[in-house]
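Novice: Let me give you the structure first, and then I'll get to my questions.
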Amino acid sequence: MKYVGMPAGMWLLFHRSFRQKMVTVLGFSEEEAAKTERKALTKYREIIAGLPVFEKGDRFKMNIVNCAMLAAFYLNMTRKPTVAQMTEYYEKAMMIGPMRAFCRMAGRQKFTEKDMRGMETTAKLRAADRNPYSWNMEFMPYPDGSGYEARFSKCGICTLMRELGISEIVPAMCHLDYAMSEASGVSDFVRDHTLASGGPYCDCGYKKKGLTP
């Protein structure tokens, strides 16, 4: 994958937040955070360069790019925070104004016919059969019409983090699903299993607001 395009854009959008939250959430000094950021950019570009080109229509490219950014910062931190600390750090670093606006915009399409067709198309693509850094997903609408589940049997984040030797922080990324769903304003996120915790699959359930038991 080339650094130009989405990867470069995502760095420009989020790198300051990742640096600042090292100070306000993780307790690093401004100097430590700035030094980590400089090293992280080099590592980020290296990780991106090692990834394959994603297929047209693969909606998960952004997920792996975000994974590369978190990994690049974590790998260059002089002390390693706990998983709980990284979970808070990643959520606060990602959920800045533009991300919240993106979530609200996506929420306006949630549960529409277009959204359902898109999920069906993604499920049929099975991109991880050809790209280990992508995802395979089943699309499972709830019979009562209250929403749907996206059930993942292969996860590109798990693959990349395992190769980088930092699988322990995958749960920090998994947790962001809750924050993004809440920011959408239209869905409650429900989950019972993750591949990262040894589960048989990752279930990402989206219930229409107000219908969660």
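Going through the structure tokens in order, the chains are called A, B, and so on, while each chain numbers its residues from 1 and the ligands are numbered from 1 in the order shown.
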Run DSSP on the backbone of this structure and report the residues of segment 2-213 of chain A it assigns to helix (DSSP H, G or I), as a PyMOL selection string.

Specialist: chain A and resi 6-24+30-49+61-75+83-94+97-109+113-125+127-129+156-164+167-174+176-184

Novice: Within 7 Å of segment 105-120 of chain A, counting only C-alpha atoms, which residues qualify if same-chain residues fewer than 5 places away don't, as a PyMOL selection string?

Specialist: chain A and resi 139+147+184-186

Novice: Write the residues you've just listed into a file as a PDB file, in the first residue's frame, and include C-alpha atoms for each of them.

Specialist:
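Listed below is the output, again_1.pdb:
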ATOM      1  CA  PHE A 139     -24.355 -10.186   7.320  1.00  0.00           C
ATOM      2  CA  GLY A 147     -31.106  -4.015  13.330  1.00  0.00           C
ATOM      3  CA  SER A 184     -23.887   7.896  15.249  1.00  0.00           C
ATOM      4  CA  GLY A 185     -26.933   8.707  17.364  1.00  0.00           C
ATOM      5  CA  VAL A 186     -29.022   5.905  15.858  1.00  0.00           C
TER       6      VAL A 186
END

Novice: Provide the atom CA of Ile48 of chain A to atom CA of Met1 of chain A distance in Å, to one decimal place.

Specialist: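 One can read the atom CA of Ile48 of chain A to atom CA of Met1 of chain A distance as 5.8 Å.
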
Novice: Of the candidates A:Met161, A:Leu125, A:Met94, A:Met10, which one gets nearest to Ala71 of chain A if we count only C-alpha atoms?

Specialist: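 Looking at the shortest contact to Ala71 of chain A, the residue is A:Met161.
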
Novice: For a quick check of understanding, using only C-alpha atoms, which of A:Tyr201, A:Tyr178, A:Tyr148, A:Trp135 has the smallest distance to Lys61 of chain A?

Specialist: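 Selected residue with least distance to Lys61 of chain A: A:Trp135.
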
Novice: As a tab-separated table (two decimals) with C-alpha atoms, in the first residue's frame, please: the residues near Lys154 of chain A (cut-off 12 Å, only C-alpha atoms, same-chain neighbours under 3 positions excluded).

Specialist:
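As a result, result-v5.tsv now contains:
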chain	number	residue	atom	x	y	z
A	60	PHE	CA	-12.09	-1.99	5.60
A	123	ALA	CA	-20.21	-10.06	3.01
A	126	ARG	CA	-14.82	-12.11	1.37
A	127	ALA	CA	-11.73	-9.99	0.87
A	128	ALA	CA	-9.68	-11.77	3.54
A	129	ASP	CA	-9.61	-14.88	1.34
A	130	ARG	CA	-7.14	-12.94	-0.81
A	131	ASN	CA	-5.80	-10.29	1.58
A	132	PRO	CA	-4.91	-11.38	5.14
A	133	TYR	CA	-5.09	-7.76	6.30
A	134	SER	CA	-8.77	-7.47	5.42
A	135	TRP	CA	-11.92	-9.04	6.88
A	136	ASN	CA	-14.44	-11.79	6.11
A	137	MET	CA	-17.93	-11.04	7.32
A	138	GLU	CA	-21.40	-12.55	7.46
A	150	ALA	CA	-21.95	-8.19	11.19
A	151	ARG	CA	-20.15	-11.40	12.20
A	157	ILE	CA	-6.24	-6.03	12.73
A	158	CYS	CA	-5.58	-9.35	14.49
A	159	THR	CA	-3.27	-10.37	11.64
A	160	LEU	CA	-1.24	-7.15	11.60
A	194	THR	CA	-14.15	-11.18	19.77
A	195	LEU	CA	-11.45	-13.09	17.91
A	196	ALA	CA	-8.87	-11.14	19.91
A	199	GLY	CA	-13.82	-16.17	20.68
A	200	PRO	CA	-15.14	-18.12	17.68
A	201	TYR	CA	-15.84	-14.87	15.83
A	202	CYS	CA	-16.32	-11.13	16.32
A	203	ASP	CA	-19.97	-10.16	16.52

Novice: Select, from A:Leu13, A:Leu26, A:Met140, A:Ile47, the residue with the minimum atom-to-atom distance to Val83 of chain A, counting only C-alpha atoms.

Specialist: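 Comparing A:Leu13, A:Leu26, A:Met140, A:Ile47 against Val83 of chain A, the winner is A:Leu26.
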
Novice: Restricting the calculation to only C-alpha atoms, which member of A:Val25, A:Asn63, A:Lys208, A:Met77 is positioned closest to Ser146 of chain A?

Specialist: A:Lys208

Novice: Determine the nearest neighbour of Ala68 of chain A from the options A:Tyr44, A:Tyr89, A:Tyr3, A:Phe28, counting only C-alpha atoms.

Specialist: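 The shortest atom-to-atom distance to Ala68 of chain A comes from A:Tyr44.
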
Novice: Go through segment 26-109 of chain A residue by residue and, counting only C-alpha atoms, keep those with an atom at most 10 Å from segment 165-176 of chain A; for each kept residue give the shortest atom pair and its distance in Å to one decimal, ordered by chain and increasing number, as a Markdown table.

Specialist:
| residue | atom | partner | partner_atom | distance |
| --- | --- | --- | --- | --- |
| A:Asn63 | CA | A:Met173 | CA | 9.4 |
| A:Asn66 | CA | A:Met173 | CA | 9.0 |
| A:Cys67 | CA | A:Met173 | CA | 7.6 |
| A:Leu70 | CA | A:Met173 | CA | 8.6 |
| A:Ala71 | CA | A:Ile166 | CA | 7.8 |
| A:Tyr74 | CA | A:Ile166 | CA | 8.7 |
| A:Leu75 | CA | A:Ile166 | CA | 8.2 |
| A:Pro81 | CA | A:Ile169 | CA | 9.6 |
| A:Thr82 | CA | A:Ile169 | CA | 8.5 |
| A:Val83 | CA | A:Ile169 | CA | 5.8 |
| A:Ala84 | CA | A:Ala172 | CA | 7.4 |
| A:Gln85 | CA | A:Ala172 | CA | 8.5 |
| A:Met86 | CA | A:Ala172 | CA | 5.8 |
| A:Thr87 | CA | A:Ala172 | CA | 4.0 |
| A:Glu88 | CA | A:Ala172 | CA | 7.6 |
| A:Tyr89 | CA | A:Ala172 | CA | 8.4 |
| A:Tyr90 | CA | A:Ala172 | CA | 6.7 |
| A:Glu91 | CA | A:Leu176 | CA | 5.8 |
| A:Lys92 | CA | A:Leu176 | CA | 9.5 |
| A:Met94 | CA | A:Leu176 | CA | 8.4 |
| A:Met95 | CA | A:Leu176 | CA | 8.8 |

Novice: Take the selection from the previous step and output its residues with C-alpha atoms, as a short mmCIF file (atom, residue, chain, number, x, y, z; two decimals), in the first residue's frame.

Specialist:
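See part_0.cif below for the written result:
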data_model
loop_
_atom_site.label_atom_id
_atom_site.label_comp_id
_atom_site.auth_asym_id
_atom_site.auth_seq_id
_atom_site.Cartn_x
_atom_site.Cartn_y
_atom_site.Cartn_z
CA ASN A 63 -9.58 0.08 9.67
CA ASN A 66 -5.99 3.21 11.82
CA CYS A 67 -4.43 0.03 13.18
CA LEU A 70 -1.99 3.03 16.77
CA ALA A 71 0.69 0.36 16.39
CA TYR A 74 2.56 2.12 20.79
CA LEU A 75 5.72 0.52 19.46
CA PRO A 81 0.57 1.42 29.05
CA THR A 82 -1.92 -1.21 30.20
CA VAL A 83 -4.65 -2.42 27.87
CA ALA A 84 -7.18 -0.39 29.84
CA GLN A 85 -5.06 2.74 29.42
CA MET A 86 -4.63 2.08 25.71
CA THR A 87 -8.37 1.61 25.34
CA GLU A 88 -9.04 5.04 26.82
CA TYR A 89 -6.15 6.56 24.86
CA TYR A 90 -7.29 5.20 21.50
CA GLU A 91 -10.91 6.23 21.98
CA LYS A 92 -10.01 9.79 22.97
CA MET A 94 -9.84 8.92 17.55
CA MET A 95 -13.10 10.54 18.66
#

Novice: Do you have the atom CA of Asn76 of chain A-atom CA of Thr36 of chain A distance handy?

Specialist: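 Atom CA of Thr36 of chain A lies at a distance of 5.6 Å from atom CA of Asn76 of chain A.
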
Novice: Among segment 5-193 of chain A, which residues does DSSP mark as strand (DSSP E or B) when it is run on the backbone? Keep the chain and numbering as in the structure and answer as a list of chain:residue names.

Specialist: A:Asn136, A:Met137, A:Glu138, A:Phe139, A:Met140, A:Pro141, A:Gly147, A:Tyr148, A:Glu149, A:Ala150, A:Arg151, A:Phe152, A:Ser153, A:Lys154, A:Ser187, A:Asp188, A:Phe189, A:Val190

Novice: Convert the current residue selection to file output with C-alpha atoms, as a compact mmCIF listing (two decimals), in the first residue's frame.

Specialist:
# COMPACT_ATOMS: atom_id res chain seq x y z
CA ASN A 136 -14.44 -11.79 6.11
CA MET A 137 -17.93 -11.04 7.32
CA GLU A 138 -21.40 -12.55 7.46
CA PHE A 139 -24.36 -10.19 7.32
CA MET A 140 -27.15 -11.24 9.65
CA PRO A 141 -30.26 -9.00 9.84
CA GLY A 147 -31.11 -4.01 13.33
CA TYR A 148 -28.41 -6.40 12.24
CA GLU A 149 -25.21 -8.18 13.14
CA ALA A 150 -21.95 -8.19 11.19
CA ARG A 151 -20.15 -11.40 12.20
CA PHE A 152 -16.43 -11.57 11.40
CA SER A 153 -14.49 -14.80 11.01
CA LYS A 154 -11.24 -13.14 9.86
CA SER A 187 -27.67 2.58 17.13
CA ASP A 188 -26.71 0.74 20.29
CA PHE A 189 -23.71 -1.56 19.86
CA VAL A 190 -23.88 -5.08 21.28

Novice: May I have the residues within 9 Å of Trp11 of chain A as a list in words, using only C-alpha atoms and disregarding those fewer than 3 positions away in the same chain?

Specialist: Met6, Pro7, Ala8, Phe14, His15, Arg16, Leu41, Tyr44, Asn66 and Met69 of chain A

Novice: Write the residues of the selection above to a file with C-alpha atoms, as a PDB file, in the first residue's frame.

Specialist:
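Writing done, so here's out-v5.pdb:
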ATOM      1  CA  MET A   6      -5.834   7.799   2.640  1.00  0.00           C
ATOM      2  CA  PRO A   7      -2.845   6.845   4.841  1.00  0.00           C
ATOM      3  CA  ALA A   8      -1.302  10.305   4.490  1.00  0.00           C
ATOM      4  CA  PHE A  14      -5.141  12.317  13.737  1.00  0.00           C
ATOM      5  CA  HIS A  15      -1.426  12.594  14.561  1.00  0.00           C
ATOM      6  CA  ARG A  16      -1.796  15.673  16.777  1.00  0.00           C
ATOM      7  CA  LEU A  41       5.622   8.568  11.562  1.00  0.00           C
ATOM      8  CA  TYR A  44       3.725   4.171  10.278  1.00  0.00           C
ATOM      9  CA  ASN A  66      -5.986   3.214  11.823  1.00  0.00           C
ATOM     10  CA  MET A  69      -1.214   4.375  13.312  1.00  0.00           C
TER      11      MET A  69
END
